[in-house]
Structure formats: structure tokens, C-alpha cells
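A.B. asks: Hey, dropping entry04.txt in here, compact mmCIF, C-alpha atoms:
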```txt
# COMPACT_ATOMS: atom_id res chain seq x y z
CA MET A 1 76.59 48.43 99.71
CA ALA A 2 74.05 50.86 98.27
CA VAL A 3 72.27 51.04 101.64
CA LEU A 4 75.52 52.02 103.38
CA TYR A 5 76.11 54.72 100.76
CA ALA A 6 72.56 56.02 101.21
CA TYR A 7 73.11 56.32 104.97
CA THR A 8 76.49 58.06 104.74
CA LYS A 9 75.78 60.46 101.84
CA PRO A 10 73.87 63.02 103.99
CA LEU A 11 76.64 62.96 106.59
CA VAL A 12 79.33 63.54 103.99
CA THR A 13 77.33 66.42 102.49
CA LEU A 14 76.84 67.94 105.94
CA GLN A 15 80.54 67.64 106.72
CA ILE A 16 81.50 69.36 103.45
CA LYS A 17 79.07 72.22 104.18
CA TRP A 18 80.44 72.54 107.71
CA LEU A 19 84.05 72.61 106.50
CA ASN A 20 83.23 75.34 103.95
CA TYR A 21 81.38 77.36 106.60
CA ARG A 22 84.34 76.96 108.99
CA ARG A 23 86.81 78.08 106.31
CA GLU A 24 84.72 81.21 105.62
CA ASN A 25 84.50 82.06 109.32
CA LEU A 26 88.25 81.59 109.83
CA TYR A 27 88.85 83.94 106.89
CA ILE A 28 86.56 86.55 108.45
CA LEU A 29 88.31 86.22 111.81
CA ASP A 30 91.70 86.55 110.14
CA HIS A 31 90.77 89.91 108.58
CA THR A 32 90.07 92.90 110.80
CA GLY A 33 88.92 96.47 110.24
CA GLN A 34 92.49 97.67 109.71
CA ILE A 35 92.90 99.37 106.37
CA CYS A 36 95.45 96.92 104.97
CA ARG A 37 93.35 93.90 105.99
CA LEU A 38 90.11 95.43 104.72
CA ARG A 39 91.72 96.31 101.40
CA GLY A 40 93.00 92.75 101.08
CA ALA A 41 89.61 91.23 101.87
CA LEU A 42 87.84 93.48 99.35
CA ASN A 43 90.37 92.74 96.63
CA ASP A 44 90.23 89.00 97.36
CA LYS A 45 86.48 88.95 96.93
CA PHE A 46 85.77 91.48 94.17
CA ASP A 47 88.97 92.17 92.20
CA ASN A 48 91.27 89.23 92.75
CA GLU A 49 93.25 89.55 89.52
CA LEU A 50 93.86 93.30 89.11
CA ARG A 51 93.50 94.35 92.80
CA ARG A 52 92.40 97.91 91.99
CA ILE A 53 90.46 98.57 95.20
CA TYR A 54 92.33 100.81 97.61
CA ILE A 55 91.50 102.73 100.77
CA ASP A 56 92.48 106.21 101.95
CA GLY A 57 92.61 106.16 105.73
CA ASP A 58 92.57 109.93 106.16
CA GLY A 59 88.89 110.32 105.34
CA GLY A 60 87.43 113.50 103.96
CA ALA A 61 89.63 116.57 103.75
CA ALA A 62 87.33 119.20 102.25
CA GLU A 63 87.12 122.55 103.98
CA ARG A 64 83.74 124.12 104.68
CA THR A 65 82.77 127.37 102.97
CA TYR A 66 80.15 129.42 104.73
CA ILE A 67 77.82 131.75 102.88
CA TYR A 68 76.40 134.61 104.90
CA THR A 69 73.08 136.42 104.56
CA PRO A 70 72.96 140.21 104.07
CA ALA A 71 71.63 140.63 107.61
CA GLU A 72 74.83 139.17 109.05
CA ASN A 73 76.93 141.98 107.48
CA GLN A 74 79.80 139.69 106.57
CA THR A 75 80.99 139.76 103.02
CA LYS A 76 82.38 136.67 101.40
CA TYR A 77 83.72 136.40 97.86
CA LEU A 78 82.35 133.10 96.60
CA GLY A 79 84.69 132.53 93.70
CA LYS A 80 84.61 128.92 92.54
CA LEU A 81 82.67 126.62 94.85
CA TYR A 82 82.46 122.86 94.81
CA LEU A 83 79.61 120.87 96.25
CA TYR A 84 80.68 118.10 98.60
CA ASN A 85 78.92 115.20 100.21
CA ALA A 86 78.57 115.53 104.00
CA LEU A 87 81.03 112.65 104.46
CA GLU A 88 83.76 114.44 102.50
CA PHE A 89 84.44 117.11 105.11
CA GLY A 90 87.52 116.82 107.29
CA ASP A 91 86.02 117.84 110.63
CA ASN A 92 83.14 115.37 110.92
CA GLY A 93 83.14 113.43 107.68
CA ALA A 94 84.08 109.88 106.80
CA ASP A 95 86.83 108.10 108.70
CA PHE A 96 88.08 106.40 105.54
CA ILE A 97 87.37 106.45 101.82
CA VAL A 98 87.16 103.31 99.71
CA TYR A 99 88.00 103.65 96.02
CA VAL A 100 86.29 100.95 93.94
CA PRO A 101 86.31 100.54 90.14
CA SER A 102 83.03 101.57 88.56
CA GLU A 103 82.39 98.22 86.86
CA ILE A 104 82.45 96.51 90.25
CA MET A 105 80.15 99.10 91.84
CA GLU A 106 77.67 98.88 88.97
CA THR A 107 77.22 95.14 89.35
CA GLN A 108 77.97 94.49 93.05
CA ASN A 109 77.13 97.70 94.89
CA PHE A 110 75.30 96.11 97.82
CA GLU A 111 77.82 93.28 98.16
CA VAL A 112 80.70 95.77 98.47
CA ARG A 113 78.85 97.74 101.13
CA ALA A 114 77.97 94.57 103.03
CA GLN A 115 81.59 93.40 102.95
CA ILE A 116 82.84 96.74 104.26
CA ASP A 117 80.18 96.73 106.99
CA LEU A 118 81.25 93.22 107.98
CA TYR A 119 84.87 94.20 108.62
CA ARG A 120 84.78 97.85 109.69
CA ALA A 121 84.98 98.81 113.33
CA GLY A 122 81.80 100.03 114.97
CA GLY A 123 81.19 103.74 114.70
CA LYS A 124 83.53 104.22 111.75
CA ARG A 125 82.01 105.99 108.76
CA TYR A 126 83.14 105.45 105.20
CA LEU A 127 82.57 106.83 101.75
CA ILE A 128 82.77 104.81 98.54
CA ILE A 129 84.10 106.62 95.48
CA GLN A 130 83.98 105.01 92.05
CA ILE A 131 87.19 105.17 90.02
```
Output the file's structure as C-alpha cells, nothing else.
C.D. replies:
Amino acid sequence: MAVLYAYTKPLVTLQIKWLNYRRENLYILDHTGQICRLRGALNDKFDNELRRIYIDGDGGAAERTYIYTPAENQTKYLGKLYLYNALEFGDNGADFIVYVPSEIMETQNFEVRAQIDLYRAGGKRYLIIQI
């Protein structure tokens, strides 16, 4: 009986690994780059209990402020200026913004980025903001 168990144990272990791998791949295929599906996949993996991760599908909405040199003879009152990341501008910035709690980003920064890259559509740019 022990010989039969010794022969079948590697096959059982291989089958369990294959079933787990299949379940993970079916989960990936079930979730697409749509915002609602991506948000669900991120919350399932990183914040399953509180589900605080959310996505803004509008992308960046900041307006550009141009500063001119004296040679250009165009005056511009600067007033109060804010510095923005290049992805935060509305005309060519990020396609969507992912809001992630800071405690998740501090411990799992690369995992969050890898998960977003797995599901997002090709050519789409994103920006992660810690909340």
C-alpha cells in the first residue's frame, strides 16, 4: 500500500498545482481592463475587507499654465501656481487614476503596479495616488 501511495503522491500534488493555476487563469480571464472590473480585481487582492481602492476614469484634468520670457512680450500674472505631474494634465495625461490607501502602497507598491499592468488595456496610461 505504501508503494502505491508513493507512486500517486506526485500526481496528486501536480493535479492540485494545476487546478490552482487554472483557477487563477480563469479569474484573470474573467476580469478585463474595464474600470469596474479592474477596481474589483484590485480590491479582491489588496483590500478585500474594506474595499477602499477606487478608480477615476476621467484621468487628469489639470490645465496647463504657460510662463513666458520677457523676449516674448506677453505678460502673465502668475498668482498661485500648483506643480503637477505630467500624467495629471487633461490633454495628454493619464487615461485613468487609481486611488490606493497609503498603507497598501507602502508595503505592496510593485504588486499593485503589476496587477494594474496585468489588466489594463495596451496603450492606456495611469496614475496612482495614495489616499
A.B. asks: For a test of reading the model, state the distance in Å between atom CA of Asn25 of chain A and atom CA of Leu118 of chain A, rounded to one decimal.
C.D. replies: 11.7 Å
A.B. asks: Pick out the closest residue to Tyr99 of chain A from this set: A:Ala71, A:Ala114, A:Arg39, A:Gly122. Count all atoms listed in the file.
C.D. replies: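 For Tyr99 of chain A, the nearest of the given residues is A:Arg39.
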A.B. asks: What does the distance from atom CA of Glu106 of chain A to atom CA of Ile131 of chain A come to in Å, to one decimal?
C.D. replies: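 Result for atom CA of Glu106 of chain A versus atom CA of Ile131 of chain A: 11.5 Å, one decimal.
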A.B. asks: From the list A:Ile128, A:Asp56, A:Ile35, A:Ala2, which residue is nearest Phe110 of chain A when using all atoms listed in the file?
C.D. replies: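 Selected residue with least distance to Phe110 of chain A: A:Ile128.
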A.B. asks: If we count only C-alpha atoms and set the cut-off at 12 Å, which residues sit around Ile53 of chain A, ignoring sequence neighbours fewer than 4 positions away in its own chain? Please answer as a PyMOL selection string.
C.D. replies: chain A and resi 35-36+38-49+97-105+112+116+128-131
A.B. asks: Would you work out the distance separating atom CA of Arg125 of chain A from atom CA of Ile55 of chain A, expressed in Å to one decimal?
C.D. replies: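 We find that atom CA of Arg125 of chain A and atom CA of Ile55 of chain A lie 12.8 Å from each other.
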A.B. asks: With distances taken over only C-alpha atoms, which residue among A:Tyr7, A:Trp18, A:Tyr119, A:Tyr54 lies nearest His31 of chain A?
C.D. replies: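 Among the listed residues, A:Tyr119 lies closest to His31 of chain A.
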